[in-house]
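As stored in run-v4.cif (mmCIF, C-alpha atoms):
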data_upload
#
loop_
_atom_site.group_PDB
_atom_site.id
_atom_site.type_symbol
_atom_site.label_atom_id
_atom_site.label_comp_id
_atom_site.auth_asym_id
_atom_site.auth_seq_id
_atom_site.Cartn_x
_atom_site.Cartn_y
_atom_site.Cartn_z
ATOM 1 C CA MET A 1 97.616 95.262 105.444
ATOM 2 C CA ASP A 2 97.408 94.358 109.097
ATOM 3 C CA LYS A 3 96.356 97.025 111.616
ATOM 4 C CA ASP A 4 99.509 96.292 113.637
ATOM 5 C CA ARG A 5 101.573 97.532 110.717
ATOM 6 C CA VAL A 6 99.697 100.823 110.601
ATOM 7 C CA GLU A 7 99.715 101.332 114.371
ATOM 8 C CA GLY A 8 103.365 100.332 114.552
ATOM 9 C CA LYS A 9 104.328 102.803 111.857
ATOM 10 C CA ALA A 10 102.418 105.558 113.657
ATOM 11 C CA LYS A 11 104.263 104.806 116.926
ATOM 12 C CA ASP A 12 107.576 104.693 115.077
ATOM 13 C CA VAL A 13 107.012 108.129 113.539
ATOM 14 C CA ALA A 14 105.732 109.606 116.818
ATOM 15 C CA GLY A 15 108.793 108.222 118.594
ATOM 16 C CA ARG A 16 111.118 109.710 115.985
ATOM 17 C CA VAL A 17 109.491 113.111 116.432
ATOM 18 C CA GLU A 18 109.663 112.922 120.233
ATOM 19 C CA ARG A 19 113.307 111.813 120.136
ATOM 20 C CA GLN A 20 114.254 114.563 117.692
ATOM 21 C CA VAL A 21 112.515 117.257 119.735
ATOM 22 C CA GLY A 22 114.378 115.971 122.778
ATOM 23 C CA GLU A 23 117.656 116.288 120.893
ATOM 24 C CA TRP A 24 116.859 119.829 119.801
ATOM 25 C CA THR A 25 115.866 120.924 123.302
ATOM 26 C CA GLY A 26 118.516 118.924 125.149
ATOM 27 C CA ASP A 27 115.836 116.941 127.019
ATOM 28 C CA LYS A 28 117.418 113.527 127.619
ATOM 29 C CA GLU A 29 114.196 112.067 129.041
ATOM 30 C CA ALA A 30 112.260 112.937 125.881
ATOM 31 C CA GLN A 31 115.041 111.412 123.797
ATOM 32 C CA VAL A 32 114.852 108.154 125.729
ATOM 33 C CA LYS A 33 111.051 108.025 125.689
ATOM 34 C CA GLY A 34 111.011 108.779 121.978
ATOM 35 C CA ALA A 35 113.569 106.097 121.214
ATOM 36 C CA ALA A 36 111.591 103.584 123.285
ATOM 37 C CA LYS A 37 108.365 104.462 121.464
ATOM 38 C CA GLN A 38 110.207 104.153 118.162
ATOM 39 C CA VAL A 39 111.422 100.650 119.036
ATOM 40 C CA GLU A 40 107.935 99.676 120.177
ATOM 41 C CA GLY A 41 106.561 100.845 116.833
ATOM 42 C CA LYS A 42 109.166 98.945 114.852
ATOM 43 C CA VAL A 43 108.414 95.740 116.769
ATOM 44 C CA GLN A 44 104.664 96.155 116.279
ATOM 45 C CA ASN A 45 105.188 96.864 112.572
ATOM 46 C CA ALA A 46 107.340 93.738 112.223
ATOM 47 C CA TRP A 47 104.672 91.705 114.018
ATOM 48 C CA GLY A 48 102.074 92.997 111.571
ATOM 49 C CA LYS A 49 104.312 92.085 108.626
ATOM 50 C CA ALA A 50 104.714 88.570 110.017
ATOM 51 C CA LYS A 51 100.953 88.214 110.411
ATOM 52 C CA ASP A 52 100.455 89.441 106.845
ATOM 53 C CA ALA A 53 102.989 86.927 105.552
ATOM 54 C CA VAL A 54 101.117 84.087 107.250
ATOM 55 C CA LYS A 55 97.734 85.284 105.994
ATOM 56 C CA LYS A 56 98.651 85.622 102.354
ATOM 57 C CA PRO A 57 101.850 83.885 101.380
ATOM 58 C CA SER A 58 102.827 84.915 97.892
ATOM 59 C CA THR A 59 105.913 85.393 95.814
ATOM 60 C CA THR A 60 104.797 88.750 94.433
ATOM 61 C CA GLN A 61 104.947 91.961 96.346
ATOM 62 C CA THR A 62 101.594 93.660 96.870
ATOM 63 C CA GLU A 63 100.994 97.326 96.095
ATOM 64 C CA ASP A 64 100.591 98.071 99.824
ATOM 65 C CA ASP A 65 103.999 96.561 100.546
ATOM 66 C CA LYS A 66 105.604 98.627 97.792
ATOM 67 C CA ASN A 67 103.997 101.814 99.096
ATOM 68 C CA LEU A 68 105.054 101.070 102.682
ATOM 69 C CA GLU A 69 108.635 100.314 101.623
ATOM 70 C CA LYS A 70 108.742 103.538 99.608
ATOM 71 C CA ALA A 71 107.483 105.472 102.649
ATOM 72 C CA ASP A 72 110.108 103.745 104.833
ATOM 73 C CA ALA A 73 112.861 104.716 102.379
ATOM 74 C CA GLU A 74 111.636 108.317 102.241
ATOM 75 C CA GLU A 75 111.539 108.496 106.048
ATOM 76 C CA ALA A 76 115.066 107.095 106.278
ATOM 77 C CA ASP A 77 116.294 109.736 103.815
ATOM 78 C CA ALA A 78 114.536 112.497 105.756
ATOM 79 C CA GLU A 79 116.021 111.179 109.022
ATOM 80 C CA ARG A 80 119.532 111.242 107.531
ATOM 81 C CA ARG A 81 119.020 114.818 106.302
ATOM 82 C CA ARG A 82 117.735 115.920 109.736
ATOM 83 C CA ASN A 83 120.663 114.271 111.495
ATOM 84 C CA ARG A 84 123.132 115.924 109.109
ATOM 85 C CA ALA A 85 121.514 119.319 109.754
ATOM 86 C CA VAL A 86 121.672 118.805 113.532
ATOM 87 C CA ASN A 87 125.310 117.719 113.425
ATOM 88 C CA GLU A 88 126.467 120.646 111.294
#
Entire entry expressed as C-alpha cells:
Amino acid sequence: MDKDRVEGKAKDVAGRVERQVGEWTGDKEAQVKGAAKQVEGKVQNAWGKAKDAVKKPSTTQTEDDKNLEKADAEEADAERRRNRAVNE
C-alpha cells in the first residue's frame, strides 16, 4: 500500500471530523476548511491507488485493498447515520 493512500485517508477522516464539528457548532469556516481537507485527502488517496495499480498490476484484489474498501464502506455508513441524526 502506498503512503499516499494512508496519508490521504487520514486527511479525509480529519476533514470529515472538522466539517462535522463545524456543522454542529454552526461554524461555516470550519465546514469549508473541513470539506476542503476532505477533498484533498480523497485526491491523495486516489493518487496512491493509481501508483499502486502501476506498481503491481494484477487481476486479484489484495488483502490491503479489501480491508481499505471495507473501512471505506464502514465510514460511509457511519457518515450516513451521523447525517440522519443531525437532520432529525
(request) Mind giving me the straight-line distance from atom CA of Lys33 of chain A to atom CA of Val17 of chain A in Å, one decimal? (result)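 Atom CA of Val17 of chain A lies 10.7 Å from atom CA of Lys33 of chain A.
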Which residues match the PyMOL selection byres ((chain A and resi 39-48) around 10) in the file above, as a compact mmCIF listing (two decimals) with C-alpha atoms, in the coordinates of the input?
# COMPACT_ATOMS: atom_id res chain seq x y z
CA MET A 1 97.62 95.26 105.44
CA ASP A 2 97.41 94.36 109.10
CA LYS A 3 96.36 97.02 111.62
CA ASP A 4 99.51 96.29 113.64
CA ARG A 5 101.57 97.53 110.72
CA VAL A 6 99.70 100.82 110.60
CA GLU A 7 99.72 101.33 114.37
CA GLY A 8 103.36 100.33 114.55
CA LYS A 9 104.33 102.80 111.86
CA ALA A 10 102.42 105.56 113.66
CA LYS A 11 104.26 104.81 116.93
CA ASP A 12 107.58 104.69 115.08
CA VAL A 13 107.01 108.13 113.54
CA ALA A 14 105.73 109.61 116.82
CA GLY A 15 108.79 108.22 118.59
CA ARG A 16 111.12 109.71 115.98
CA LYS A 33 111.05 108.02 125.69
CA GLY A 34 111.01 108.78 121.98
CA ALA A 35 113.57 106.10 121.21
CA ALA A 36 111.59 103.58 123.28
CA LYS A 37 108.36 104.46 121.46
CA GLN A 38 110.21 104.15 118.16
CA LYS A 49 104.31 92.08 108.63
CA ALA A 50 104.71 88.57 110.02
CA LYS A 51 100.95 88.21 110.41
CA ASP A 52 100.46 89.44 106.84
CA ALA A 53 102.99 86.93 105.55
CA VAL A 54 101.12 84.09 107.25
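Put simply, atom CA of Asn83 of chain A is 12.0 Å away from atom CA of Val21 of chain A.
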(request) Work out how far apart atom CA of Thr25 of chain A and atom CA of Arg82 of chain A are and give it in Å to one decimal. (result)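 Atom CA of Arg82 of chain A lies at a distance of 14.6 Å from atom CA of Thr25 of chain A.
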